Structure formats: C-alpha cells, structure tokens
>>> print(open('target-v8.txt').read())   # compact mmCIF, C-alpha atoms
# COMPACT_ATOMS: atom_id res chain seq x y z
CA MET A 1 -80.54 -224.73 -28.73
CA LYS A 2 -78.79 -225.25 -32.04
CA LYS A 3 -80.36 -226.28 -35.32
CA LEU A 4 -82.24 -229.35 -36.52
CA LEU A 5 -80.57 -230.55 -39.72
CA MET A 6 -82.80 -232.52 -42.08
CA MET A 7 -81.30 -234.71 -44.80
CA THR A 8 -83.47 -235.70 -47.76
CA THR A 9 -82.74 -237.28 -51.12
CA CYS A 10 -84.97 -237.33 -54.19
CA ILE A 11 -84.69 -239.18 -57.49
CA MET A 12 -86.19 -236.65 -59.88
CA ASN A 13 -89.45 -237.64 -61.54
CA PRO A 14 -92.86 -235.91 -61.54
CA ASP A 15 -94.34 -237.85 -58.62
CA ASN A 16 -91.25 -237.54 -56.44
CA VAL A 17 -90.88 -233.83 -57.14
CA ASN A 18 -94.52 -233.16 -56.22
CA ASP A 19 -94.06 -235.14 -53.01
CA LEU A 20 -90.88 -233.22 -52.19
CA LEU A 21 -92.58 -229.86 -52.68
CA ARG A 22 -95.39 -230.93 -50.35
CA MET A 23 -92.89 -232.01 -47.71
CA ILE A 24 -90.79 -228.84 -47.87
CA ASP A 25 -93.92 -226.71 -47.43
CA SER A 26 -95.20 -228.70 -44.44
CA TYR A 27 -93.03 -226.84 -41.95
CA ASP A 28 -91.76 -223.28 -41.53
CA ASN A 29 -88.41 -223.43 -43.32
CA SER A 30 -87.85 -219.71 -42.68
CA ASP A 31 -87.39 -220.59 -39.00
CA GLU A 32 -83.69 -220.30 -38.18
CA LYS A 33 -83.73 -223.44 -36.07
CA TYR A 34 -84.12 -225.61 -39.19
CA ARG A 35 -81.61 -226.44 -41.89
CA HIS A 36 -82.50 -228.76 -44.76
CA ILE A 37 -80.07 -230.28 -47.24
CA ILE A 38 -81.63 -232.03 -50.23
CA LEU A 39 -79.68 -234.25 -52.60
CA ILE A 40 -81.42 -234.43 -55.95
CA GLN A 41 -80.41 -237.36 -58.12
CA SER A 42 -80.30 -237.75 -61.93
CA ASP A 43 -81.07 -235.15 -64.57
CA TYR A 44 -83.29 -232.36 -63.26
CA SER A 45 -83.46 -230.15 -66.35
CA ALA A 46 -87.20 -230.85 -66.70
CA PHE A 47 -87.73 -229.54 -63.15
CA ALA A 48 -85.61 -226.38 -63.21
CA GLU A 49 -88.42 -224.18 -61.89
CA GLN A 50 -89.18 -226.52 -59.00
CA VAL A 51 -85.49 -226.82 -58.12
CA GLU A 52 -85.16 -223.04 -58.01
CA TYR A 53 -88.09 -222.94 -55.62
CA LEU A 54 -86.44 -225.60 -53.45
CA ARG A 55 -83.26 -223.50 -53.33
CA THR A 56 -85.26 -220.75 -51.60
CA LYS A 57 -86.22 -223.23 -48.87
CA ALA A 58 -83.21 -225.53 -48.53
CA ILE A 59 -79.64 -226.24 -49.55
CA VAL A 60 -79.83 -228.26 -52.76
CA ILE A 61 -76.95 -230.43 -54.01
CA HIS A 62 -76.89 -232.75 -57.01
CA SER A 63 -75.72 -236.21 -57.99
CA GLU A 64 -75.84 -237.01 -61.69
CA THR A 65 -75.94 -240.72 -60.93
CA ILE A 66 -78.51 -242.53 -58.81
CA VAL A 67 -77.00 -243.85 -55.59
CA SER A 68 -78.28 -245.96 -52.72
CA LEU A 69 -80.14 -244.34 -49.85
CA SER A 70 -77.25 -244.83 -47.42
CA LYS A 71 -74.74 -243.49 -49.94
CA ALA A 72 -76.96 -240.45 -50.52
CA ARG A 73 -77.07 -239.65 -46.80
CA ASN A 74 -73.32 -240.00 -46.54
CA ILE A 75 -72.92 -237.60 -49.47
CA ILE A 76 -75.15 -235.09 -47.66
CA TYR A 77 -73.23 -235.56 -44.41
CA ASN A 78 -69.87 -235.06 -46.13
CA HIS A 79 -71.19 -231.93 -47.86
CA ALA A 80 -72.33 -230.56 -44.50
CA LYS A 81 -69.00 -231.40 -42.87
CA ASP A 82 -66.91 -229.94 -45.70
CA ASN A 83 -68.94 -226.72 -45.77
CA ASP A 84 -69.04 -226.14 -42.00
CA LEU A 85 -72.77 -226.79 -41.79
CA LEU A 86 -72.56 -229.01 -38.70
CA SER A 87 -70.99 -226.73 -36.10
CA ASP A 88 -74.34 -225.16 -35.22
CA VAL A 89 -76.38 -228.40 -35.49
CA GLU A 90 -77.84 -230.15 -32.44
CA LEU A 91 -80.32 -232.62 -34.00
CA ILE A 92 -80.46 -234.61 -37.23
CA ALA A 93 -83.46 -236.17 -39.00
CA PHE A 94 -83.90 -237.98 -42.31
CA PRO A 95 -87.31 -237.23 -43.86
CA ASP A 96 -88.09 -239.03 -47.11
CA ASP A 97 -89.20 -236.90 -50.03
CA ASP A 98 -92.72 -238.31 -49.73
CA CYS A 99 -93.27 -237.65 -46.02
CA TRP A 100 -94.62 -234.47 -44.43
CA TYR A 101 -95.37 -233.01 -41.00
CA PRO A 102 -98.98 -232.27 -39.98
CA GLY A 103 -99.72 -229.04 -38.14
CA ASP A 104 -96.94 -227.82 -35.87
CA ASN A 105 -95.53 -231.30 -35.26
CA LEU A 106 -91.95 -230.64 -36.30
CA ASN A 107 -91.72 -227.63 -34.01
CA LYS A 108 -93.16 -229.67 -31.13
CA ILE A 109 -90.63 -232.45 -31.70
CA TYR A 110 -87.82 -229.88 -31.64
CA SER A 111 -89.24 -228.46 -28.39
CA MET A 112 -89.02 -231.88 -26.72
CA PHE A 113 -85.25 -231.77 -27.08
CA VAL A 114 -85.11 -228.16 -25.87
CA GLU A 115 -87.09 -229.02 -22.75
CA ASP A 116 -84.99 -232.11 -21.92
CA SER A 117 -81.28 -231.65 -22.57
CA ALA A 118 -80.64 -235.35 -21.82
CA LEU A 119 -83.03 -236.55 -24.52
CA ASP A 120 -80.81 -237.96 -27.27
CA LEU A 121 -83.21 -240.04 -29.37
CA PHE A 122 -86.88 -239.64 -30.19
CA VAL A 123 -88.89 -242.11 -32.27
CA CYS A 124 -92.55 -241.93 -33.28
CA ARG A 125 -94.78 -243.65 -35.80
CA SER A 126 -95.68 -242.66 -39.34
CA SER A 127 -98.70 -243.52 -41.47
CA GLU A 128 -101.20 -242.16 -43.98
CA SER A 129 -103.43 -241.21 -41.04
CA ALA A 130 -100.88 -239.04 -39.24
CA GLU A 131 -102.27 -236.61 -36.66
CA GLU A 132 -101.15 -233.47 -34.91
CA ILE A 133 -99.45 -233.72 -31.53
CA THR A 134 -101.76 -232.67 -28.69
CA ALA A 135 -101.16 -231.71 -25.07
CA GLN A 136 -102.34 -235.17 -24.05
CA ASP A 137 -99.56 -236.90 -26.01
CA LYS A 138 -96.79 -237.87 -23.60
CA PRO A 139 -93.63 -239.58 -24.91
CA ARG A 140 -92.21 -242.33 -22.72
CA ASP A 141 -89.08 -244.44 -22.57
CA ILE A 142 -88.77 -246.51 -25.71
CA SER A 143 -88.50 -250.29 -25.53
CA VAL A 144 -86.17 -252.25 -27.78
CA LYS A 145 -89.23 -253.86 -29.37
CA GLU A 146 -90.65 -250.45 -30.28
CA LEU A 147 -87.29 -249.25 -31.54
CA ILE A 148 -86.80 -252.20 -33.87
CA ASN A 149 -90.40 -252.68 -34.98
CA THR A 150 -91.50 -249.11 -35.60
CA CYS A 151 -88.54 -246.86 -36.38
CA ASN A 152 -87.96 -245.77 -39.96
CA SER A 153 -86.08 -242.94 -41.60
CA ASN A 154 -89.00 -240.54 -41.18
CA THR A 155 -89.51 -241.16 -37.47
CA ILE A 156 -85.92 -240.95 -36.13
CA PHE A 157 -84.73 -237.72 -34.51
CA ALA A 158 -81.27 -237.91 -32.92
CA ARG A 159 -79.03 -235.56 -30.99
CA VAL A 160 -75.57 -235.34 -32.51
CA THR A 161 -73.95 -236.63 -29.30
CA ALA A 162 -75.66 -240.01 -29.85
CA ILE A 163 -74.66 -240.36 -33.51
CA ASP A 164 -71.70 -242.43 -34.67
CA PHE A 165 -70.26 -240.12 -37.33
CA ASP A 166 -67.41 -242.54 -38.06
CA ASP A 167 -69.98 -245.01 -39.40
CA PHE A 168 -72.79 -242.64 -40.30
CA PHE A 169 -74.85 -244.81 -42.67
CA ASP A 170 -73.68 -248.30 -43.57
CA GLU A 171 -73.57 -248.38 -47.37
CA ALA A 172 -73.94 -252.16 -47.35
CA LEU A 173 -77.50 -251.56 -46.11
CA GLY A 174 -80.45 -249.58 -47.42
CA ILE A 175 -82.62 -249.26 -50.50
CA GLY A 176 -80.46 -249.41 -53.59
CA SER A 177 -77.73 -251.48 -51.92
CA LYS A 178 -77.16 -255.21 -52.23
CA ASN A 179 -79.06 -255.58 -48.95
CA ASN A 180 -82.31 -253.76 -49.62
CA GLY A 181 -83.19 -252.08 -46.32
CA GLY A 182 -82.04 -252.09 -42.71
CA GLU A 183 -80.10 -248.81 -42.77
CA ASP A 184 -82.62 -247.00 -40.57
CA VAL A 185 -82.83 -249.61 -37.82
CA ASP A 186 -79.03 -249.98 -37.86
CA PHE A 187 -78.67 -246.23 -37.36
CA ALA A 188 -81.32 -246.14 -34.62
CA MET A 189 -79.84 -249.10 -32.72
CA ARG A 190 -76.42 -247.48 -32.66
CA CYS A 191 -77.93 -244.22 -31.40
CA PHE A 192 -79.96 -246.09 -28.77
CA VAL A 193 -76.93 -247.64 -27.08
CA LYS A 194 -75.27 -244.19 -26.81
CA ALA A 195 -78.38 -242.24 -25.81
CA ARG A 196 -78.82 -240.93 -22.27
CA LYS A 197 -82.58 -240.88 -22.82
CA ALA A 198 -84.57 -242.36 -25.71
CA PHE A 199 -88.30 -241.57 -25.94
CA TYR A 200 -91.14 -242.99 -28.00
CA LEU A 201 -94.52 -241.53 -28.89
CA ASP A 202 -96.96 -244.28 -29.83
CA LYS A 203 -98.80 -242.15 -32.36
CA SER A 204 -98.46 -241.44 -36.07
CA ILE A 205 -97.29 -237.84 -36.22
CA VAL A 206 -95.39 -237.99 -39.52
CA TRP A 207 -97.29 -238.63 -42.74
CA HIS A 208 -95.83 -241.39 -44.89
CA ARG A 209 -97.34 -244.01 -47.12
CA ASP A 210 -98.25 -247.21 -45.33
CA GLN A 211 -96.13 -250.20 -46.22
CA ASP A 212 -97.83 -253.13 -47.91
CA MET A 213 -97.26 -256.23 -45.78
CA ALA A 214 -96.47 -258.18 -48.93
CA GLU A 215 -93.46 -255.88 -49.48
CA LYS A 216 -91.84 -256.73 -46.14
CA PRO A 217 -89.91 -259.78 -47.42
CA VAL A 218 -88.15 -257.46 -49.90
CA TYR A 219 -86.50 -255.71 -46.96
CA PHE A 220 -85.87 -258.81 -44.85
CA ARG A 221 -82.21 -259.32 -45.74
CA GLY A 222 -81.18 -255.76 -44.90
CA GLY A 223 -83.12 -255.74 -41.64
CA PHE A 224 -81.69 -259.08 -40.56
CA LYS A 225 -78.14 -258.00 -41.36
CA ALA A 226 -78.64 -254.80 -39.36
CA LEU A 227 -79.77 -256.83 -36.36
CA LYS A 228 -76.84 -259.24 -36.66
CA LYS A 229 -74.42 -256.32 -36.93
CA ASN A 230 -75.64 -254.90 -33.62
CA ALA A 231 -76.62 -258.10 -31.80
CA LEU A 232 -73.85 -257.91 -29.18
CA LYS A 233 -74.37 -254.22 -28.34
CA HIS A 234 -77.42 -254.83 -26.12
CA PRO A 235 -78.86 -258.04 -24.62
CA MET A 236 -82.26 -257.50 -26.22
CA PHE A 237 -80.74 -256.90 -29.64
CA ALA A 238 -79.58 -260.52 -29.68
CA PHE A 239 -83.09 -261.69 -28.82
CA TYR A 240 -84.65 -259.72 -31.67
CA CYS A 241 -81.99 -260.96 -34.04
CA PHE A 242 -83.08 -264.53 -33.25
CA ARG A 243 -86.72 -263.49 -33.57
CA LYS A 244 -86.00 -261.98 -36.99
CA ALA A 245 -84.71 -265.36 -38.16
CA LEU A 246 -88.07 -266.87 -37.23
CA VAL A 247 -89.81 -264.03 -39.08
CA GLY A 248 -87.79 -265.03 -42.14
CA VAL A 249 -89.19 -268.55 -41.93
CA TYR A 250 -92.68 -267.06 -41.71
CA TYR A 251 -92.06 -264.92 -44.80
CA MET A 252 -91.02 -268.01 -46.73
CA LEU A 253 -94.20 -269.82 -45.75
CA LYS A 254 -96.63 -266.90 -45.98
CA TYR A 255 -95.29 -264.72 -48.80
CA GLY A 256 -93.12 -267.13 -50.75
CA MET A 257 -89.80 -265.45 -49.93
CA SER A 258 -87.10 -267.57 -51.53
CA PRO A 259 -84.86 -269.76 -49.36
CA LYS A 260 -81.96 -268.15 -51.25
CA MET A 261 -82.86 -264.73 -49.86
CA PHE A 262 -83.21 -266.15 -46.37
CA LEU A 263 -79.84 -267.91 -46.53
CA SER A 264 -78.11 -264.88 -48.04
CA ALA A 265 -79.15 -262.88 -44.99
CA SER A 266 -77.99 -265.52 -42.52
>>> encode(input="target-v8.txt", output="structure tokens")
Amino acid sequence: MKKLLMMTTCIMNPDNVNDLLRMIDSYDNSDEKYRHIILIQSDYSAFAEQVEYLRTKAIVIHSETIVSLSKARNIIYNHAKDNDLLSDVELIAFPDDDCWYPGDNLNKIYSMFVEDSALDLFVCRSSESAEEITAQDKPRDISVKELINTCNSNTIFARVTAIDFDDFFDEALGIGSKNNGGEDVDFAMRCFVKARKAFYLDKSIVWHRDQDMAEKPVYFRGGFKALKKNALKHPMFAFYCFRKALVGVYYMLKYGMSPKMFLSAS
C-alpha cells in the first residue's frame, strides 16, 4: 500500500516545540510508509537546532505569519500537491503538535487499512491515558453519534478516495478562524458520507491533552456551523444538528455562554 501522509502545524514557542519533538519521535519516521509535512509558524530563529532535527524526520515548511488551523492544513496540502507529494499517498492524518502515538499504534492503524482495502475512514479516541492497541481490540462500524462526539484532528485517519480535495479544510471553521472549531468534524462528516467502510475503536490510542469541559462553549459556534453545513448529507446529521442547538442552550445555562455566541452560530 502507498504512504500515510501526516500534516502537522506548530506555532513556535518552547512548549510547542518540545511537544512537537516528542510527537515526531513517537513513531518510526524512517519507515518508508510514512511521510510527515510540518508547517512551522512565526519566527523560529530561537529554535534553529530543533528545526534542523525536524528536517531529518519530516518535510518542514514555514509561514512567517500565524494562520488558522484550517488555513495551515490547506497550505500543507497545496505544498504537497505542488511538489508531487500526493501521488504515492493512500492515507492522510492530522496529528496536532502535542499528540503522540503509544507503542506501535500508528503502525497498527496503518495495517488496518492494508488488511481491508474497503476501509476508508478510521476514528478512535484520544486522551492523556492513551494505551497501546492489543490483539483484543476490534474496531467496528462507527455510528454517527460516535463520529460527531468523539472525532478530533488527532483521531481521524482517512483514505484519499474518501476525501473531498476540492473543499479540503473549510477556512471559515477551525481554531484561529472567526468560528473557533468545527473543522475536524466537518472534515470527518464529509469523509463519512463517501466512505465504503468507516470503523471506530472505542479506546484512547492517541495521546492528547484532555479537554476541560468548561472550554467546550468556546468551540460551540464552529461545531454547530459544521453540523448545519452537512445536515442534509445524511439523515442522522440533521438530528445531531438539532441536538447541538439544545446543547447550546445547556451551555448558556451551565457555563454562561453568551446568547450572542449562540445566536451567531444559528
């Protein structure tokens, strides 16, 4: 099978750079089945040594200005397309700079796609208590609820045949955009409707910091807009779009989310 292309972006500061180095060393990047493109953002002169190390492990490109997460991924995609780095790619993933893969997990995820040529989308969970995949772990068909509630950038693995490259990442969504969030679920929903098979492993197999529940209202508008955008593409998408509106009411009552934010997402 062809390569797994990973796309990562990093705004350069000491904490982010340390996280990125941990992530890049959590899998065997000498393996020819992996290709990693990293977009580093802002001035990196204070991290020249670390960037040189990254260049031995991945393709590193640079943006002097800080851009939104969706814009960053589109920059990476366009770089890959313009430099003929997609012709030998079968899978794409989007690990954050602060995630990493325990044990041999990335290789085992890749093997799932090798063993089932009809598998087009795989989603798992991430957390600070991520574990290694064992022989007892059996992925199953993913439900729409699991897709919408658990997918994030670190847990989406998609075959290129299921990806809409004409609308790769919606730059109106995502961290750093006017609608803070929602880019990952938008991407996953669009892959889901094209996928021949979509599997889910109900286990944290990617390490990533747990999200504080109090932060969820910050990402409400983007998530709601992503659901509205895709509501007519699958019957259950419309249901979860309506459900998200009720979640917005809950956020206003529980966490003090402003009515203005709720209405701006509607």
>>> closest_residue(input="target-v8.txt", among="A:Phe169, A:Gly223, A:Leu91, A:Glu128", to="Cys151 of chain A", atoms="all atoms listed in the file")
A:Gly223
>>> closest_atom_pairs(input="target-v8.txt", of="segment 46-106 of chain A", to="segment 185-198 of chain A", cutoff="12 Å", atoms="all atoms listed in the file", output="JSON lines")
{"residue": "A:Ser70", "atom": "CA", "partner": "A:Phe187", "partner_atom": "CA", "distance": 10.3}
{"residue": "A:Arg73", "atom": "CA", "partner": "A:Phe187", "partner_atom": "CA", "distance": 11.6}
{"residue": "A:Ile92", "atom": "CA", "partner": "A:Cys191", "partner_atom": "CA", "distance": 11.5}
{"residue": "A:Ala93", "atom": "CA", "partner": "A:Ala188", "partner_atom": "CA", "distance": 11.1}
{"residue": "A:Phe94", "atom": "CA", "partner": "A:Phe187", "partner_atom": "CA", "distance": 11.0}
>>> closest_residue(input="target-v8.txt", among="A:Asp43, A:Asn83, A:Tyr53, A:Thr8", to="Thr65 of chain A", atoms="all atoms listed in the file")
A:Asp43
>>> atom_distance(input="target-v8.txt", atom1="atom CA of Asn107 of chain A", atom2="atom CA of Asn18 of chain A")
23.1 Å
>>> residues_around(input="target-v8.txt", residues="Leu54 of chain A", least_positions_apart="3", cutoff="10 Å", atoms="all atoms listed in the file", output="MDAnalysis selection string")
chainID A and resid 20:21 24:25 38 48:51 57:60
>>> closest_residue(input="target-v8.txt", among="A:His36, A:His234, A:Arg125, A:Lys228", to="Arg209 of chain A", atoms="only C-alpha atoms")
A:Arg125
>>> residues_around(input="target-v8.txt", residues="Lys3 of chain A", least_positions_apart="5", cutoff="6 Å", atoms="only C-alpha atoms", output="PyMOL selection string")
chain A and resi 33-34+89-90
>>> atom_distance(input="target-v8.txt", atom1="atom CA of Leu119 of chain A", atom2="atom CA of Thr9 of chain A")
26.6 Å
>>> closest_residue(input="target-v8.txt", among="A:Asp164, A:Asp137, A:Glu52, A:Glu32", to="Asn105 of chain A", atoms="only C-alpha atoms")
A:Asp137
>>> atom_distance(input="target-v8.txt", atom1="atom CA of Lys138 of chain A", atom2="atom CA of Phe113 of chain A")
13.5 Å
>>> closest_residue(input="target-v8.txt", among="A:Met7, A:Leu173, A:Met1, A:Val17", to="Lys225 of chain A", atoms="all atoms listed in the file")
A:Leu173
>>> residues_near_point(input="target-v8.txt", point="(-91.6, -236.4, -46.0)", cutoff="8 Å", atoms="all atoms listed in the file", output="ChimeraX atom specification")
/A:19-20,22-24,95-101,154,206-208
>>> residues_around(input="target-v8.txt", residues="Asp116 of chain A", least_positions_apart="4", cutoff="12 Å", atoms="only C-alpha atoms", output="MDAnalysis selection string")
chainID A and resid 1 109:112 120:122 139 159 196:199
>>> closest_residue(input="target-v8.txt", among="A:Thr155, A:Gln211, A:Asn16, A:Gln41", to="Ile66 of chain A", atoms="only C-alpha atoms")
A:Gln41
>>> residues_near_point(input="target-v8.txt", point="(-81.0, -245.6, -48.6)", cutoff="8 Å", atoms="only C-alpha atoms", output="ChimeraX atom specification")
/A:68-73,173-177,181,183
>>> closest_atom_pairs(input="target-v8.txt", of="segment 89-178 of chain A", to="segment 200-205 of chain A", cutoff="7 Å", atoms="all atoms listed in the file", output="tab-separated table")
residue	atom	partner	partner_atom	distance
A:Pro102	CA	A:Ile205	CA	6.9
A:Asn105	CA	A:Ile205	CA	6.8
A:Phe122	CA	A:Tyr200	CA	5.8
A:Val123	CA	A:Tyr200	CA	4.9
A:Cys124	CA	A:Leu201	CA	4.8
A:Arg125	CA	A:Ser204	CA	4.3
A:Ser126	CA	A:Ser204	CA	4.5
A:Ser127	CA	A:Ser204	CA	5.8
A:Ala130	CA	A:Ser204	CA	4.7
A:Glu131	CA	A:Ile205	CA	5.1
A:Glu132	CA	A:Ile205	CA	6.0
A:Ile133	CA	A:Ile205	CA	6.6
A:Lys138	CA	A:Leu201	CA	6.8
A:Pro139	CA	A:Leu201	CA	4.5
A:Arg140	CA	A:Tyr200	CA	5.4
A:Asp141	CA	A:Tyr200	CA	6.0
A:Ile142	CA	A:Tyr200	CA	4.8
>>> decode(input="target-v8.txt", residues="segment 61-72 of chain A", atoms="all heavy atoms", output="mmCIF file, in the first residue's frame")
data_model
loop_
_atom_site.group_PDB
_atom_site.id
_atom_site.type_symbol
_atom_site.label_atom_id
_atom_site.label_comp_id
_atom_site.auth_asym_id
_atom_site.auth_seq_id
_atom_site.Cartn_x
_atom_site.Cartn_y
_atom_site.Cartn_z
ATOM 1 N N ILE A 61 8.069 23.103 6.314
ATOM 2 C CA ILE A 61 7.822 24.333 5.575
ATOM 3 C C ILE A 61 7.483 25.426 6.574
ATOM 4 O O ILE A 61 7.229 25.141 7.753
ATOM 5 C CB ILE A 61 6.715 24.160 4.518
ATOM 6 C CG1 ILE A 61 5.389 23.731 5.168
ATOM 7 C CG2 ILE A 61 7.144 23.124 3.478
ATOM 8 C CD1 ILE A 61 4.240 23.589 4.167
ATOM 9 N N HIS A 62 7.469 26.675 6.137
ATOM 10 C CA HIS A 62 7.408 27.791 7.089
ATOM 11 C C HIS A 62 6.413 28.846 6.638
ATOM 12 O O HIS A 62 6.317 29.167 5.453
ATOM 13 C CB HIS A 62 8.803 28.418 7.223
ATOM 14 C CG HIS A 62 8.850 29.601 8.137
ATOM 15 N ND1 HIS A 62 9.381 30.812 7.770
ATOM 16 C CD2 HIS A 62 8.401 29.752 9.418
ATOM 17 C CE1 HIS A 62 9.279 31.664 8.774
ATOM 18 N NE2 HIS A 62 8.689 31.041 9.779
ATOM 19 N N SER A 63 5.685 29.366 7.599
ATOM 20 C CA SER A 63 4.842 30.544 7.400
ATOM 21 C C SER A 63 5.282 31.610 8.391
ATOM 22 O O SER A 63 5.282 31.364 9.604
ATOM 23 C CB SER A 63 3.357 30.209 7.624
ATOM 24 O OG SER A 63 2.569 31.382 7.628
ATOM 25 N N GLU A 64 5.668 32.771 7.893
ATOM 26 C CA GLU A 64 6.104 33.836 8.792
ATOM 27 C C GLU A 64 4.961 34.352 9.642
ATOM 28 O O GLU A 64 5.161 34.785 10.777
ATOM 29 C CB GLU A 64 6.724 34.979 7.990
ATOM 30 C CG GLU A 64 8.035 34.617 7.305
ATOM 31 C CD GLU A 64 8.672 35.803 6.619
ATOM 32 O OE1 GLU A 64 8.091 36.910 6.681
ATOM 33 O OE2 GLU A 64 9.751 35.637 6.032
ATOM 34 N N THR A 65 3.761 34.317 9.109
ATOM 35 C CA THR A 65 2.594 34.787 9.849
ATOM 36 C C THR A 65 1.848 33.603 10.451
ATOM 37 O O THR A 65 1.923 32.471 9.945
ATOM 38 C CB THR A 65 1.644 35.569 8.933
ATOM 39 O OG1 THR A 65 1.249 34.726 7.839
ATOM 40 C CG2 THR A 65 2.334 36.814 8.391
ATOM 41 N N ILE A 66 1.132 33.854 11.524
ATOM 42 C CA ILE A 66 0.318 32.827 12.162
ATOM 43 C C ILE A 66 -1.035 32.772 11.471
ATOM 44 O O ILE A 66 -1.704 33.795 11.298
ATOM 45 C CB ILE A 66 0.158 33.121 13.669
ATOM 46 C CG1 ILE A 66 1.519 33.028 14.367
ATOM 47 C CG2 ILE A 66 -0.827 32.147 14.307
ATOM 48 C CD1 ILE A 66 1.492 33.406 15.833
ATOM 49 N N VAL A 67 -1.421 31.587 11.044
ATOM 50 C CA VAL A 67 -2.676 31.408 10.315
ATOM 51 C C VAL A 67 -3.568 30.450 11.089
ATOM 52 O O VAL A 67 -3.137 29.761 12.018
ATOM 53 C CB VAL A 67 -2.415 30.874 8.889
ATOM 54 C CG1 VAL A 67 -1.573 31.864 8.094
ATOM 55 C CG2 VAL A 67 -1.732 29.504 8.923
ATOM 56 N N SER A 68 -4.827 30.393 10.691
ATOM 57 C CA SER A 68 -5.769 29.485 11.350
ATOM 58 C C SER A 68 -5.386 28.036 11.068
ATOM 59 O O SER A 68 -4.626 27.733 10.138
ATOM 60 C CB SER A 68 -7.191 29.745 10.853
ATOM 61 O OG SER A 68 -7.340 29.283 9.522
ATOM 62 N N LEU A 69 -5.947 27.143 11.867
ATOM 63 C CA LEU A 69 -5.637 25.721 11.719
ATOM 64 C C LEU A 69 -6.059 25.202 10.353
ATOM 65 O O LEU A 69 -5.318 24.452 9.694
ATOM 66 C CB LEU A 69 -6.316 24.931 12.838
ATOM 67 C CG LEU A 69 -5.965 23.449 12.975
ATOM 68 C CD1 LEU A 69 -4.468 23.239 13.071
ATOM 69 C CD2 LEU A 69 -6.668 22.860 14.194
ATOM 70 N N SER A 70 -7.242 25.581 9.901
ATOM 71 C CA SER A 70 -7.704 25.121 8.584
ATOM 72 C C SER A 70 -6.838 25.696 7.473
ATOM 73 O O SER A 70 -6.489 24.991 6.513
ATOM 74 C CB SER A 70 -9.167 25.520 8.373
ATOM 75 O OG SER A 70 -10.018 24.779 9.213
ATOM 76 N N LYS A 71 -6.481 26.963 7.578
ATOM 77 C CA LYS A 71 -5.608 27.578 6.582
ATOM 78 C C LYS A 71 -4.261 26.870 6.555
ATOM 79 O O LYS A 71 -3.704 26.610 5.477
ATOM 80 C CB LYS A 71 -5.418 29.058 6.904
ATOM 81 C CG LYS A 71 -4.454 29.794 5.982
ATOM 82 C CD LYS A 71 -5.015 29.948 4.582
ATOM 83 C CE LYS A 71 -4.133 30.807 3.720
ATOM 84 N NZ LYS A 71 -4.646 30.916 2.326
ATOM 85 N N ALA A 72 -3.730 26.539 7.724
ATOM 86 C CA ALA A 72 -2.441 25.847 7.795
ATOM 87 C C ALA A 72 -2.504 24.512 7.074
ATOM 88 O O ALA A 72 -1.582 24.146 6.323
ATOM 89 C CB ALA A 72 -2.037 25.647 9.258
#
